[in-house]
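Report on one structure; see the data block that follows.
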Amino acid sequence: METTQKKKTHRLRRVVAILLALLLIAYIVLVNVLVSAALVPSFMEKLDAFQEVTEQSYSQQVHTSDISENRKAALAETRAWLETAEMEKLTWTTADGYRLVAAEFPAAQSHKWAVLLHGYTGWKEEMYPFACWYAGQGFNVLVPDLRCQGESEGDFIGMGWTDRLDVLDWVNSILARDPEAQIVLHGQSMGAACALMMSGMEDLPENVRAVVSDCAYTDAYSMFRQDIRDWFGLPAFPLVDSANLALQLRGGYDLKEASALEAVGRSAVPTLFIHGANDRMIPVDMAHRLYDAAVCQKELLIVEGAGHAQSQDKDPERYYDALASFLSDVLN
């Protein structure tokens with residue numbers, strides 16, 4: 001009888017061990033699926049996650065007639081400019097072997113440069129309306145596709161962290177051709193966070209004279225935690241830390257290190273912070289936190305009635321006037 005009971009106990013322990021192992025495997029698979037669904041565009045498309053993110057992002061925007069009309073006008077002006085603008089497509093291979101692509105719009109006899117950085121799951125063409133404005137101000141303009149987006153290669157979206165090294169390569173490529181360059185880093189959303197992260201780098205060339213941060217987040221870890229809840233309806237704990245570990249193993253970077261908030265506390269680069277007061281994707285509170293933490297020369301523009309990345313369309317006159325005034329103060 002005792003022997004039979006021991007056998008039953010042994011079988012039960014084996015069943016429990018097998019179930020726990022299966023649960024662990026399922027959890028590991030879930031974590032890796034989440035990482036891919038959030039940071040690998042090709043995988044997102046297979047799951048229809050890209051369309052869902054796009055639709056959700058659209059629903060969170062502010063939809064008013066003035067924003068719509070200003071956007072249409074900006075796109076029409078940009079299309080007209082592109083018909084005559086000189087453009088060259090550039091490529092660059094990173095140290096880890098990825099081919100990156102950028103569009104360059106040169107200006108005659110100018111040492112002023114604008115490097116324009118798009119947002120999460122975006123592409124360089126989204127920044128062309130800004131390129132149109134900068135070109136009109138006499139700037140050379142470089143607009144890259146960040147890694148794993150647009151025409152650029154990569155395994156994972158960099159959330160600004162790996163991108164900061166890629167953009168530094170683009171900056172150095174400008175300096176190789178124009179040692180007297182005065183460079184402005186102007187980004188939106190993830191691109192803005194990337195520019196801020198760059199501003200705190202010890203090896204950032206002094207030629208980077210200004211940063212324009214339009215609706216940046218404070219850190220990638222916070223954004224990933226928010227996205228896990230909003231997009232997948234899953235609890236942030238313990239999934240985010242597990243996903244971060246998986247990302248370190250697969251993608252080679254730590255979301256907790258990708259902090260614009262820490263970077264601006266080290267930055268000496270003059271920075272203009274811009275944010276829409278009605279941003280439902282990246283809370284405007286993050287702009288205030290970044291501005292308060294910054295130790296550099298700084299300005300803050302909060303645009304009432306603007307959603308995420310809509311400040312230039314909600315109030316283009318105020319947006320570009322503030323930008324022109326800021327740049328005139330920090331550039332020669």
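Each chain in the structure tokens gets a letter, A, B, ..., in the order shown, and its residues are numbered from 1; ligands are numbered from 1 in order too.
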Hey, what's within 10 Å of range 82-98 of chain A if we count only C-alpha atoms and toss same-chain stuff fewer than 3 positions away? As a ChimeraX atom specification, please?
/A:76-79,101-107,128-129,131-132,135,141-144,147-148,151-155,165-166,169-170,173
Residues of range 65-313 of chain A in strand (DSSP E or B), written as a ChimeraX atom specification
/A:88-93,99-105,112-117,140-144,182-188,208-214,219,259,271-276,298-303
A:Arg266, A:His63, A:Lys8, A:Lys314: which is nearest Ile302 in chain A, counting only C-alpha atoms?
A:Lys314
Quick check for you: according to DSSP on this backbone, which residues of range 45-193 of chain A are classed as helix (DSSP H, G or I)? Reply as a ChimeraX atom specification.
/A:45-46,49-59,65-84,124-136,161-177,190-193
Need the shell around Ile274 in chain A: protein/DNA/RNA residues with any atom at most 8 Å away, counting only C-alpha atoms. Skip same-chain ones fewer than 6 positions apart. Format as a PyMOL selection string?
chain A and resi 212-215+287+300-303+311
Close residues, Pro283 in chain A itself excluded, 12 Å, only C-alpha atoms, min 2 positions apart in chain, as a list of chain:residue names
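The filter keeps A:Gln60, A:Ser189, A:Cys215, A:Ala216, A:Tyr217, A:Thr218, A:Ser222, A:Met223, A:Gln226, A:His275, A:Gly276, A:Ala277, A:Asn278, A:Asp279, A:Arg280, A:Met281, A:Asp285, A:Met286, A:Ala287, A:His288, A:Arg289, A:Leu290, A:Ile302, A:Ala306, A:Gly307, A:His308, A:Ala309.
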Suppose we keep N, CA and C atoms; can you now write the selection as a short mmCIF file (atom, residue, chain, number, x, y, z; two decimals), in the first residue's frame?
```cif
data_model
loop_
_atom_site.label_atom_id
_atom_site.label_comp_id
_atom_site.auth_asym_id
_atom_site.auth_seq_id
_atom_site.Cartn_x
_atom_site.Cartn_y
_atom_site.Cartn_z
N GLN A 60 -6.41 57.98 -31.60
CA GLN A 60 -5.96 58.78 -30.46
C GLN A 60 -5.58 60.20 -30.86
N SER A 189 8.63 62.23 -31.81
CA SER A 189 8.30 61.01 -31.07
C SER A 189 9.57 60.20 -30.79
N CYS A 215 7.55 66.05 -29.16
CA CYS A 215 6.75 64.99 -28.53
C CYS A 215 7.57 63.75 -28.20
N ALA A 216 8.71 63.94 -27.55
CA ALA A 216 9.56 62.82 -27.12
C ALA A 216 9.00 62.16 -25.87
N TYR A 217 9.37 60.89 -25.68
CA TYR A 217 9.08 60.20 -24.42
C TYR A 217 10.31 60.28 -23.51
N THR A 218 10.08 60.07 -22.24
CA THR A 218 11.18 60.17 -21.27
C THR A 218 12.13 58.99 -21.38
N SER A 222 9.40 52.91 -20.15
CA SER A 222 8.05 53.39 -19.82
C SER A 222 7.11 53.24 -21.00
N MET A 223 7.60 53.54 -22.21
CA MET A 223 6.75 53.43 -23.39
C MET A 223 6.40 51.98 -23.68
N GLN A 226 3.73 50.87 -21.32
CA GLN A 226 2.43 51.42 -21.70
C GLN A 226 1.85 50.68 -22.90
N HIS A 275 5.54 69.98 -27.56
CA HIS A 275 4.59 68.89 -27.27
C HIS A 275 3.17 69.40 -27.44
N GLY A 276 2.30 68.52 -27.91
CA GLY A 276 0.89 68.84 -27.99
C GLY A 276 0.22 68.64 -26.64
N ALA A 277 -0.58 69.61 -26.23
CA ALA A 277 -1.23 69.51 -24.93
C ALA A 277 -2.23 68.36 -24.86
N ASN A 278 -2.75 67.93 -26.02
CA ASN A 278 -3.76 66.87 -26.06
C ASN A 278 -3.18 65.54 -26.56
N ASP A 279 -1.90 65.34 -26.38
CA ASP A 279 -1.24 64.11 -26.81
C ASP A 279 -1.69 62.94 -25.93
N ARG A 280 -2.35 61.95 -26.53
CA ARG A 280 -2.83 60.78 -25.80
C ARG A 280 -1.89 59.58 -25.94
N MET A 281 -0.86 59.71 -26.75
CA MET A 281 0.09 58.62 -26.94
C MET A 281 1.32 58.79 -26.04
N ASP A 285 2.97 65.52 -19.89
CA ASP A 285 3.77 65.54 -18.67
C ASP A 285 5.22 65.14 -18.92
N MET A 286 5.42 64.27 -19.91
CA MET A 286 6.79 63.85 -20.22
C MET A 286 7.62 65.02 -20.74
N ALA A 287 7.00 65.92 -21.50
CA ALA A 287 7.72 67.10 -21.99
C ALA A 287 8.16 67.98 -20.82
N HIS A 288 7.27 68.16 -19.85
CA HIS A 288 7.61 68.96 -18.68
C HIS A 288 8.73 68.32 -17.88
N ARG A 289 8.69 67.00 -17.75
CA ARG A 289 9.74 66.30 -17.00
C ARG A 289 11.08 66.42 -17.71
N LEU A 290 11.06 66.28 -19.03
CA LEU A 290 12.30 66.42 -19.80
C LEU A 290 12.85 67.84 -19.70
N ILE A 302 4.34 74.37 -25.66
CA ILE A 302 3.20 73.47 -25.54
C ILE A 302 2.07 74.03 -26.41
N ALA A 306 -3.39 70.24 -29.74
CA ALA A 306 -2.64 69.35 -30.63
C ALA A 306 -2.47 67.98 -30.01
N GLY A 307 -2.67 66.95 -30.82
CA GLY A 307 -2.42 65.59 -30.39
C GLY A 307 -0.98 65.20 -30.68
N HIS A 308 -0.73 63.90 -30.75
CA HIS A 308 0.63 63.42 -30.93
C HIS A 308 1.17 63.79 -32.31
N ALA A 309 2.32 64.47 -32.32
CA ALA A 309 2.99 64.89 -33.56
C ALA A 309 2.09 65.77 -34.43
#
```
